[in-house]
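K.L.:
This is the structure I have questions about; it appears just below.
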Amino acid sequence: MNFTKWSVKQPISIIMIMCFVLIMGGVSFSNLKTELMPNISPPVVAVMTSYPGAGPEEVERTLTEPLEGMLGTASGIKTLESRSSQGSSLIIIQYDWETDIAEKRNETAALLEQVSLPDDALDPVVLKFDPTMMPLMTFSVSNGQQLDELQESVEDDLIPSLLSVEGVADITVAGSRDEEILVSLDPHKLEDFNLTQQSVTQFIRSQHITFPGGTVEDDGRSLNLRVLSEIDSIKKLEDTPVSLHNGLVLLKDIGTISKVQTDKMVSAYQDGKESLLLEIKKEGDANSALVAKDLREILAEYEEDGFAFSVSLDQGEAIDKSVSNVTKALLYGALFAIVVILLFLKSIRATLIIGVAIPFSVVSTFVLMYFTDLSLNIMSLGGLALGIGMLVDNAIVVIENIYRHLRSGKQKHTAAINGTLEISGAVTASMLTTLSVFLPIVFVGGMIGDLFKELAITVVFSLLSSWAVALTVVPSLATLMLKEKKKNTERNRWYENILRYSLRHRLATLFGAFVLFLFSFLLIPSVGTEFMPQQDEGSFVIDIETPHGSTTETTYKTVQEVQGILDDLKEVDRYTSTIGSTDAIRSSASGTSYNHASITVNLIPDEKRSLSTRDVLQEIDQQISFSDNTSITLTETNSMSALSGDGNTIDILLSGKDSDHLSHVSKELSRSIEENIDSVTEVISSEEESKPEIQFLINRENAFKHGASPVAIGTFINEMVKGQHVFTMSENGEDWKVHVKTLDVRSDLSSLGNTEMTTSLGRVPLSELGTFKEGNGPVLITRQNGERVISLKAHYENGDMGSLIRLIDDEIEAFIDENDTGHVSIDISGGAETMKDSFQKLTLALVLAIVFVYMVMASVFQSLSQPLIIMASLPFALIGVVYGLFLSGYAFGITAFIGIIILVGIVVNNAIVFIDYFNTLSREKELPIHEALMEAGTTRLRPIVMTALTTMLGLLPLALGTGEGAQMQAPMGIAVIGGLLTSTLLTLVVIPVMISLLGSAKNVRKTVKAVLKKLKEEDTLK
């Protein structure tokens, strides 16, 4: 069945089908989720284990090493990294990207059950890394009340309202204080009554029990018996007996019992006052944009009641801005395409037909997106924006050919059918070649495959829709809307003259094209390479690290100085400050505590400020001046930083078994890079200076004499300093933790030293078992694949990532040649490593795209030589890519690389349209080669120029990269526009010249064969 003929003869059916698709598209669009980026779940499993009170070295020995040994037996592990810090072990296992991570989490949980850990260590927790771990919204809240009253209002009122929003999974509060019941023991009274903290704790526990007593019989009934002795009030706790020393001794006789607030792990500040920091996470399948919108509405209601919110992170707002910018690019692109059609065809009716084809193709794409579970994000919408110019290419070629048939005097139905069928082969071939380049992108795998898969699939859907529209809807509407034309034999004389001149000077034309290609190659070093373009989303983070051992108050003084600088900057909209870490994983990974503060800064919208985010960072950096013991790091943040790493930074990883030698090599390498590479401004090492600590050195001989083991001494000191959790008391429906501590022990070492420890041989003062001294201990111990590692971050200016990687690689090689690095290995890691891996995969995708395009064209033209001629237009596209990136200032990254792959399928379309008609003229109408080339060129000039212009102008808004979140796709748009521009201009003259040369070569071969044949015949006659 010929669908083109059917659509022309059944226009009402076509209109009904269009209405059905439009309705389906509207419903599908309303149900599509809106996200910032595609759902990318890295193949990573993390295991976090807490060991309260243990130092980094003890954590490494007792937790990390046994866990590494067991977890390392799992299959498919790419890297196994561990971080041991104060009281915490974090192990991060990275697998190959294609690994089923759910299966690996189950395997990890099973392996953990086989590991024996210290009794005081908490059970390991298996964590997953996916987008749902990232908070959807983070904000600080205050209402003019004291922190205690604010906390009560937030917990009892605000949080329940926020949790009622559909899609909200969890809300965490930082900066709040929990309450507990504290039993403060008087050390002198303990001594008077011959008691210890440990014995008192045992007495209290023995008084609070629920014990099974078995089964008893009563009046013919069989009943369970329970033995109860519950403490459910402070009064009962105070009256708990703890000794019979000279009479009954109650707990209140040796200490005080009160409800107190626990120490805060995190402090949050808003406008210089203590506040609470809330982090909201969404459910995995929830619509981020809708959930964030509902949350903002609730916050607005509470603002009317006197609450003040400072939002430091709002993914919904970022999604709305990014999606809005890409949507604008899509709409402007469609408008530009329609204007081009109107200018060339000079027909409002033909323009309306194309104008219908664009939205219909887009709406059809929404239907396919919905049924394949894609979301609206900057990649899928970027695919639509990328394809908006290509959407009309097929329709333009068809409508222009129908128009040409109408001008030749044919009736509307005949012109619509003949014009469409005549060009359908070229249209189908063009569509298939374009689609074939996206197949390698979909199957490239890894992070790049997941990132660009939705873009590729969206373009494929939109092009399939536009192809179907071009061969059915366009001819059907053409019979209804276009008018029959008078014969018109108008030809484009200027192009005819250029083409005639080129065919007369074939070698000179090819030489000129080669020179342009050569000059573009000379510019490549000036363009440079990068992983991803930097996005200015108007936010950054200031990390402050004061000397180890600093209190919250000391750190906050430094924070206030930085806040003063921020207050003087008109570009700053709002900021939120925190002391401590709100993220348990980050705290475990970095070993941060009260000496670490973070200020999250949001700038005013980019259209209202003259400075970029990077300019603001430089201005702040110039004003900040602190002592050498305080570290300040400024980091620009954006939606892609988690994938691409810190901007303008090269990560270097050193690993080895000898930690001292590793430290020496890292320091020497840091100094060498800073001194020898001008672009590098500083090198920051992950190796931190040791922090001050109090050490208790056990006298093992004395300890043995008194019957005290080192483990028992350590447990005793831990219990005395931290106190002991006794039980959880339930009072009036509320649960209260009961904690026992001895006064003065924590703040007075002499008091701790005089504390008596009960051993198997009696009691002995702690001071007789060892001595206290001040020393230094490590902050964080990092290992990878069983070896100690140190990472270096080389920050650079005035250069691109690719150039810096080469410079640092050369410096590392020279350093290894000149120094004794021993068994220390040195490798480039982080974003630089990811860039290298991504470029390798995209290179393979590019090669496959070229092969697939050739195979499609060879099948369509049934020729092995003509596709090679068409492929000759590909090098000319690189000319425009290089010049475009060079003039725009963008480096060559993965988005520009994707643009080149897309170009492979686009630039050949012009040559396909040309050669398809040339074959018709030379084979079917048997015109001479020169005449056929002239006729094909002048006839196909207008559709070639129109399709090229609509694609380029359709991509222009995307290439300009205006607005927050739009910079990532700009290099891709620039690459496609530049490549298509140069390839179109050169295709119009170079392809005919190459066909002419190939035809001449064939004629020469035929002539030679004829002469040889004649000579052979003459020899035979003789």
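Chain labels run A, B, ... following the order of the structure tokens; each chain numbers its residues from 1, and ligands are numbered from 1 in the order shown.
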Excluding Leu464 in chain A and residues on its chain fewer than 3 positions from it, collect all residues at most 9 Å away from it, counting only C-alpha atoms, and give them as a PyMOL selection string.
P.N.:
chain A and resi 361+365+431+435+459-461+467-469
K.L.:
Could you check which of A:Pro765, A:Gly656, A:Gly355, A:Gly775 is closest to Val789 in chain A, using only C-alpha atoms?
P.N.:
A:Gly656
K.L.:
Name all residues at most 12 Å from Leu477 in chain A (count only C-alpha atoms; drop same-chain ones fewer than 5 positions away) and give them as a VMD selection string.
P.N.:
chain A and resid 4 7 to 15 18 349 to 357 395 398 to 399 402 412 to 413 416 to 417 469 to 472 482 to 483
K.L.:
From the set A:Ala597, A:Thr529, A:Asn909, A:Asp373, which residue has the shortest atom-to-atom contact distance to Ile805 in chain A, counting only C-alpha atoms?
P.N.:
A:Thr529
K.L.:
Taking only C-alpha atoms into account, name the residue in A:Leu386, A:Leu299, A:Leu769, A:Ala54 that is nearest to Thr755 in chain A.
P.N.:
A:Leu769
K.L.:
Select from range 156-267 of chain A everything DSSP, run on the backbone, classes as strand (DSSP E), then give the selection as number ranges by chain.
P.N.:
A: 168-174, 179-185, 209-218, 221-229, 241-243, 249-250, 255-261, 267
K.L.:
Give me, as a tab-separated table (two decimals) with all heavy atoms, in the first residue's frame, all polymer residues having an atom no more than 10 Å from range 445-447 of chain A, counting only C-alpha atoms and skipping those fewer than 4 positions away in the same chain.
P.N.:
chain	number	residue	atom	x	y	z
A	40	ILE	N	20.80	9.19	36.20
A	40	ILE	CA	22.09	8.53	36.08
A	40	ILE	C	22.46	7.95	37.44
A	40	ILE	O	22.63	8.68	38.41
A	40	ILE	CB	23.19	9.50	35.61
A	40	ILE	CG1	22.84	10.06	34.23
A	40	ILE	CG2	24.55	8.82	35.58
A	40	ILE	CD1	23.82	11.10	33.74
A	41	SER	N	22.54	6.64	37.52
A	41	SER	CA	22.89	5.97	38.77
A	41	SER	C	24.26	5.32	38.61
A	41	SER	O	24.40	4.29	37.95
A	41	SER	CB	21.85	4.90	39.12
A	41	SER	OG	20.59	5.49	39.35
A	42	PRO	N	25.30	5.93	39.20
A	42	PRO	CA	26.64	5.36	39.06
A	42	PRO	C	26.73	4.00	39.75
A	42	PRO	O	26.06	3.78	40.76
A	42	PRO	CB	27.54	6.40	39.74
A	42	PRO	CG	26.63	7.15	40.66
A	42	PRO	CD	25.29	7.15	40.02
A	43	PRO	N	27.55	3.09	39.22
A	43	PRO	CA	27.66	1.75	39.79
A	43	PRO	C	28.54	1.74	41.03
A	43	PRO	O	29.66	1.22	41.03
A	43	PRO	CB	28.29	0.95	38.64
A	43	PRO	CG	29.12	1.96	37.91
A	43	PRO	CD	28.40	3.26	38.03
A	96	ASP	N	32.06	-1.92	37.32
A	96	ASP	CA	31.90	-1.57	35.91
A	96	ASP	C	30.51	-1.00	35.69
A	96	ASP	O	29.54	-1.40	36.35
A	96	ASP	CB	32.11	-2.81	35.03
A	96	ASP	CG	33.54	-3.33	35.11
A	96	ASP	OD1	34.45	-2.50	35.29
A	96	ASP	OD2	33.73	-4.56	35.02
A	97	TRP	N	30.39	-0.07	34.74
A	97	TRP	CA	29.17	0.70	34.59
A	97	TRP	C	27.94	-0.16	34.28
A	97	TRP	O	26.84	0.14	34.68
A	97	TRP	CB	29.34	1.77	33.51
A	97	TRP	CG	28.30	2.85	33.63
A	97	TRP	CD1	27.07	2.88	33.08
A	97	TRP	CD2	28.42	4.06	34.37
A	97	TRP	NE1	26.40	4.03	33.43
A	97	TRP	CE2	27.21	4.77	34.22
A	97	TRP	CE3	29.44	4.62	35.15
A	97	TRP	CZ2	26.98	6.02	34.82
A	97	TRP	CZ3	29.22	5.85	35.75
A	97	TRP	CH2	28.00	6.53	35.59
A	98	GLU	N	28.13	-1.25	33.59
A	98	GLU	CA	26.99	-2.07	33.18
A	98	GLU	C	26.54	-3.02	34.28
A	98	GLU	O	25.61	-3.80	34.11
A	98	GLU	CB	27.35	-2.89	31.93
A	98	GLU	CG	27.57	-2.05	30.66
A	98	GLU	CD	28.89	-1.30	30.66
A	98	GLU	OE1	29.79	-1.69	31.44
A	98	GLU	OE2	29.01	-0.33	29.90
A	440	PRO	N	25.09	4.45	17.59
A	440	PRO	CA	26.27	4.26	18.45
A	440	PRO	C	26.19	5.04	19.75
A	440	PRO	O	26.72	4.60	20.77
A	440	PRO	CB	27.43	4.78	17.56
A	440	PRO	CG	26.92	4.70	16.17
A	440	PRO	CD	25.46	4.98	16.27
A	441	ILE	N	25.54	6.23	19.74
A	441	ILE	CA	25.43	7.03	20.97
A	441	ILE	C	24.59	6.28	22.00
A	441	ILE	O	24.92	6.24	23.19
A	441	ILE	CB	24.81	8.41	20.66
A	441	ILE	CG1	25.74	9.21	19.74
A	441	ILE	CG2	24.56	9.18	21.95
A	441	ILE	CD1	25.17	10.55	19.32
A	451	LEU	N	24.10	9.66	29.83
A	451	LEU	CA	23.87	11.09	29.79
A	451	LEU	C	23.21	11.52	28.48
A	451	LEU	O	22.27	12.33	28.48
A	451	LEU	CB	25.19	11.84	29.98
A	451	LEU	CG	25.12	13.36	30.04
A	451	LEU	CD1	24.30	13.81	31.24
A	451	LEU	CD2	26.54	13.94	30.13
A	452	PHE	N	23.69	10.98	27.36
A	452	PHE	CA	23.21	11.43	26.04
A	452	PHE	C	22.17	10.49	25.42
A	452	PHE	O	21.71	10.75	24.32
A	452	PHE	CB	24.39	11.61	25.09
A	452	PHE	CG	25.23	12.80	25.40
A	452	PHE	CD1	26.40	12.68	26.12
A	452	PHE	CD2	24.84	14.07	24.98
A	452	PHE	CE1	27.17	13.79	26.42
A	452	PHE	CE2	25.61	15.18	25.27
A	452	PHE	CZ	26.77	15.05	25.99
A	453	LYS	N	21.83	9.41	26.12
A	453	LYS	CA	20.88	8.46	25.55
A	453	LYS	C	19.53	9.11	25.29
A	453	LYS	O	18.94	8.93	24.22
A	453	LYS	CB	20.73	7.26	26.49
A	453	LYS	CG	19.79	6.19	25.93
A	453	LYS	CD	19.61	5.04	26.92
A	453	LYS	CE	20.90	4.28	27.13
A	453	LYS	NZ	20.72	3.14	28.04
A	643	LEU	N	29.35	15.07	37.99
A	643	LEU	CA	29.84	14.20	36.92
A	643	LEU	C	31.18	14.66	36.38
A	643	LEU	O	32.04	13.84	36.06
A	643	LEU	CB	28.82	14.16	35.77
A	643	LEU	CG	27.43	13.61	36.12
A	643	LEU	CD1	26.52	13.73	34.91
A	643	LEU	CD2	27.50	12.18	36.59
A	834	THR	N	38.01	10.79	33.48
A	834	THR	CA	36.69	10.60	32.87
A	834	THR	C	36.66	11.16	31.46
A	834	THR	O	36.06	10.57	30.55
A	834	THR	CB	35.60	11.28	33.73
A	834	THR	OG1	35.70	10.81	35.08
A	834	THR	CG2	34.22	10.96	33.20
A	837	ASP	N	38.47	8.73	29.10
A	837	ASP	CA	37.65	7.55	28.85
A	837	ASP	C	36.47	7.89	27.93
A	837	ASP	O	36.14	7.13	27.02
A	837	ASP	CB	37.15	6.98	30.18
A	837	ASP	CG	36.28	5.75	30.01
A	837	ASP	OD1	36.78	4.75	29.47
A	837	ASP	OD2	35.11	5.79	30.40
A	838	SER	N	35.87	9.07	28.17
A	838	SER	CA	34.71	9.48	27.36
A	838	SER	C	35.11	9.73	25.92
A	838	SER	O	34.38	9.35	24.98
A	838	SER	CB	34.08	10.73	27.96
A	838	SER	OG	33.65	10.50	29.29
A	841	LYS	N	35.46	6.46	24.04
A	841	LYS	CA	34.17	5.86	23.69
A	841	LYS	C	33.49	6.63	22.57
A	841	LYS	O	32.89	6.04	21.67
A	841	LYS	CB	33.27	5.80	24.93
A	841	LYS	CG	33.73	4.79	25.97
A	841	LYS	CD	32.78	4.72	27.14
A	841	LYS	CE	33.23	3.64	28.12
A	841	LYS	NZ	32.34	3.54	29.29
A	842	LEU	N	33.58	7.96	22.61
A	842	LEU	CA	32.95	8.76	21.56
A	842	LEU	C	33.68	8.62	20.23
A	842	LEU	O	33.07	8.73	19.17
A	842	LEU	CB	32.89	10.23	22.00
A	842	LEU	CG	31.91	10.54	23.13
A	842	LEU	CD1	32.00	12.00	23.54
A	842	LEU	CD2	30.48	10.21	22.70
